[in-house]
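Remarks on the structure that follows.
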Amino acid sequence: MLIIYFLDLIGTLVFAISGSLSAKEKGMDVFGALVIASVTAIGGGTLRDMLIGSTPVGWLGDLNYLYCIFGGLFLSLLFKSVLSRVRRALFLFDTIGIAVFTILGLEKSLDVGVHPIIAIMMGTVSAVFGGLIRDILTNDVPLILRKEVYATACVSGGVLYMGLKYFGVHEIITYSATISLIMIIRLVSIRYNLSLPKA
Amino acid sequence: MLIIYFLDLIGTLVFAISGSLSAKEKGMDVFGALVIASVTAIGGGTLRDMLIGSTPVGWLGDLNYLYCIFGGLFLSLLFKSVLSRVRRALFLFDTIGIAVFTILGLEKSLDVGVHPIIAIMMGTVSAVFGGLIRDILTNDVPLILRKEVYATACVSGGVLYMGLKYFGVHEIITYSATISLIMIIRLVSIRYNLSLPKA
Amino acid sequence: MLIIYFLDLIGTLVFAISGSLSAKEKGMDVFGALVIASVTAIGGGTLRDMLIGSTPVGWLGDLNYLYCIFGGLFLSLLFKSVLSRVRRALFLFDTIGIAVFTILGLEKSLDVGVHPIIAIMMGTVSAVFGGLIRDILTNDVPLILRKEVYATACVSGGVLYMGLKYFGVHEIITYSATISLIMIIRLVSIRYNLSLPKA
């Protein structure tokens, strides 16, 4: 659906912004910021595509993803103060991005014929591994491994999606419900500072 | 052979246990432990499959690997004290796992038509790169790059395997001899604290 | 062209030398040095091949790359003092290597049908990501993300290559001009200590 494609692009833009800002904090140069922005925005989907063998990986065939990354880099280098004022809107789009990345990753994996459990995993990989690779590049222990905020939301959304699909619910309702659930879990977990128990 | 498949699954379980314990020591949460357990157990084979182009990578098509990872995670979160009591048995299975991972990686690579030298390399990658990626994720300089315990064993086993295969030795003897050699080299190198010279 | 193939092998050898020396400084053992040498020399091209789906990745099918890596490792372990005396020649071949890696990566990507902008990116990935992965393995924040010396040169060379190709300029002139531009930008940027602005 076209709306999902646009949300995917917006998610890419917002992830690229968060990657650029993180590179800026680390004192990297413009090229470093471009690499970190790219990795944050498309790293998860890239890993998923390499795992399921869908190559050339997705963004190599659609320049719009590249434009979104350059847009995100540009915005964060020039309008940092503006960005900090719209922080809440950014956070909302970041959360929508995670939800959309999960759904698209799940669907793409189902298309190559893997088991639904694996597809849910691949949806989660699509949504969270960009941030994980970013943390490796900036030499931090990945945040997501220490204090999970994303993955439970993605897995729950993935399970809901598979359930609704199984019962033949209409696509629009499935998408809306899945995106809503992922967003609610993430927002609630942050509002009440919830996290998974330590290992 | 069925026995090799079972040994592969046991190796996956034991590698997942060692990954989970390592995540626990690093103070990660349950999701982090799942990621580290997965990477340790199937990271090497995943990289091999991506390199030789055998996609979707192996474990995406066989849920048993996933069950072994969850099993390993579960065991290490709940029965840590029991695990420390069976440490010797674990170490033995870990070593068998390395041997089996080497053979299976080597065979899978030969199947896509690469040169035997490359196949031996890919067998070694299958056995040791899971631990290497784990160390990257937990932000350590990979142990295997500083004080090698595994790779010499894997390469030696790979060479023996190719030699026996070349002379048409029966499969069971080839497997037994290769697994034995890899285990002996590893056990002896640990017993006498042997390691490769510094670069 | 045969000359490009030889320059590619020489680049591989020189990159392997620089990787081995870096592993030596980090106190790694011989196996660690082999891994770091390999990653530095063929890591960029390997990532490119996995992204564009050209598998088994290139060096798996041509043992000459492996021989160059072993050669580089051997030279740097045995003749370190000699290497430091030919440092300028090594630096020159390193720069030629970057230029050739860029061109070959760009051409291979065009062959799978991606957009020229993506091909230029893949050329740059081929040339610079080997060093980046090396820095991740040795647990440094990648140099290239902090103080870029390579990427601008590669991108400029890639743009020139596409322009000359578009106007049907002869292959030899296209290669020579592209290699020259990449080398000049890199040499000038080092001579005058130029770098990209901070993010």
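By convention here, the chains of the structure tokens are called A, B, ... in the order presented, each chain's residues are numbered starting at 1, and ligands are numbered starting at 1 in the order presented.
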Give me, as a PyMOL selection string, the contact residues of chain A against chain B at a cut-off of 6 Å, counting only C-alpha atoms.
-> chain A and resi 51-53+141+145-146+196-199
Selection: 10 Å around Phe91 in chain B, only C-alpha atoms, excl. self and same-chain fewer than 6 positions, as a list in words | Val14, Phe15, Ser18, Gly97 and Leu187 of chain B
Please identify all polymer residues within 8 Å of Ala151 in chain C, counting only C-alpha atoms, omitting same-chain residues fewer than 3 positions from it, and present them as a list in words.
->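 Residues near the query, excluding close chain neighbours: Phe31 of chain A; Thr124, Val128, Glu148, Cys154 and Val155 of chain C.
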Any chance you can output those residues with N, CA, C and O atoms as a compact mmCIF listing (two decimals), in the first residue's frame?
```txt
# COMPACT_ATOMS: atom_id res chain seq x y z
N PHE A 31 31.38 12.71 6.42
CA PHE A 31 31.29 11.37 5.85
C PHE A 31 30.90 10.34 6.91
O PHE A 31 30.07 9.45 6.66
N THR C 124 32.76 3.02 -3.57
CA THR C 124 33.35 3.59 -2.36
C THR C 124 33.35 2.57 -1.22
O THR C 124 34.34 2.43 -0.49
N VAL C 128 36.65 1.46 0.95
CA VAL C 128 36.88 1.94 2.32
C VAL C 128 36.36 1.04 3.44
O VAL C 128 36.81 1.17 4.58
N GLU C 148 38.12 11.68 7.59
CA GLU C 148 38.02 11.03 6.31
C GLU C 148 39.23 11.35 5.42
O GLU C 148 39.61 12.49 5.28
N CYS C 154 37.25 8.66 -3.48
CA CYS C 154 36.56 7.58 -4.19
C CYS C 154 35.31 8.09 -4.90
O CYS C 154 35.05 7.74 -6.05
N VAL C 155 34.52 8.90 -4.19
CA VAL C 155 33.29 9.41 -4.78
C VAL C 155 33.62 10.29 -5.99
O VAL C 155 33.00 10.15 -7.06
```
For Leu92 in chain C, the nearest of the candidates C:His115, C:Leu7, C:Gly163, C:Arg134, counting only C-alpha atoms = C:Leu7
For the atom pair CA of Met1 in chain C and CA of Ile118 in chain B, what is the interatomic distance in Å to one decimal place?
->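 A separation of 25.3 Å between them.
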Mind checking which residues fall within 9 Å of Met121 in chain C, counting only C-alpha atoms, ignoring those fewer than 4 positions away in the same chain, and posting them as a CSV table (one decimal) with C-alpha atoms, in the first residue's frame?
```csv
chain,number,residue,atom,x,y,z
C,105,GLY,CA,33.4,-2.2,-7.3
C,106,LEU,CA,31.6,0.4,-9.4
C,116,PRO,CA,24.9,4.9,-11.3
C,117,ILE,CA,24.6,6.8,-8.0
C,125,VAL,CA,32.2,0.8,-0.1
C,126,SER,CA,34.6,-1.6,-1.8
C,154,CYS,CA,36.6,7.6,-4.2
C,155,VAL,CA,33.3,9.4,-4.8
C,158,GLY,CA,33.4,7.5,-9.3
```
All residues 12 Å or closer to Tyr5 in chain B, only C-alpha atoms, same chain fewer than 2 positions away omitted, as an MDAnalysis selection string | chainID B and resid 1:3 7:12 62 64:65 97 100:101 103:104
Check the DSSP output for the backbone and give back, as a VMD selection string, the residues of chain A in helix (DSSP H, G or I).
-> chain A and resid 2 to 25 30 to 52 58 to 61 63 to 78 80 to 85 87 to 111 116 to 137 143 to 146 151 to 166 171 to 191
The residue from B:Leu132, B:Ile190, B:Leu110, B:Met122 with the smallest atom-to-atom distance to Gly43 in chain B, counting only C-alpha atoms, is B:Leu132
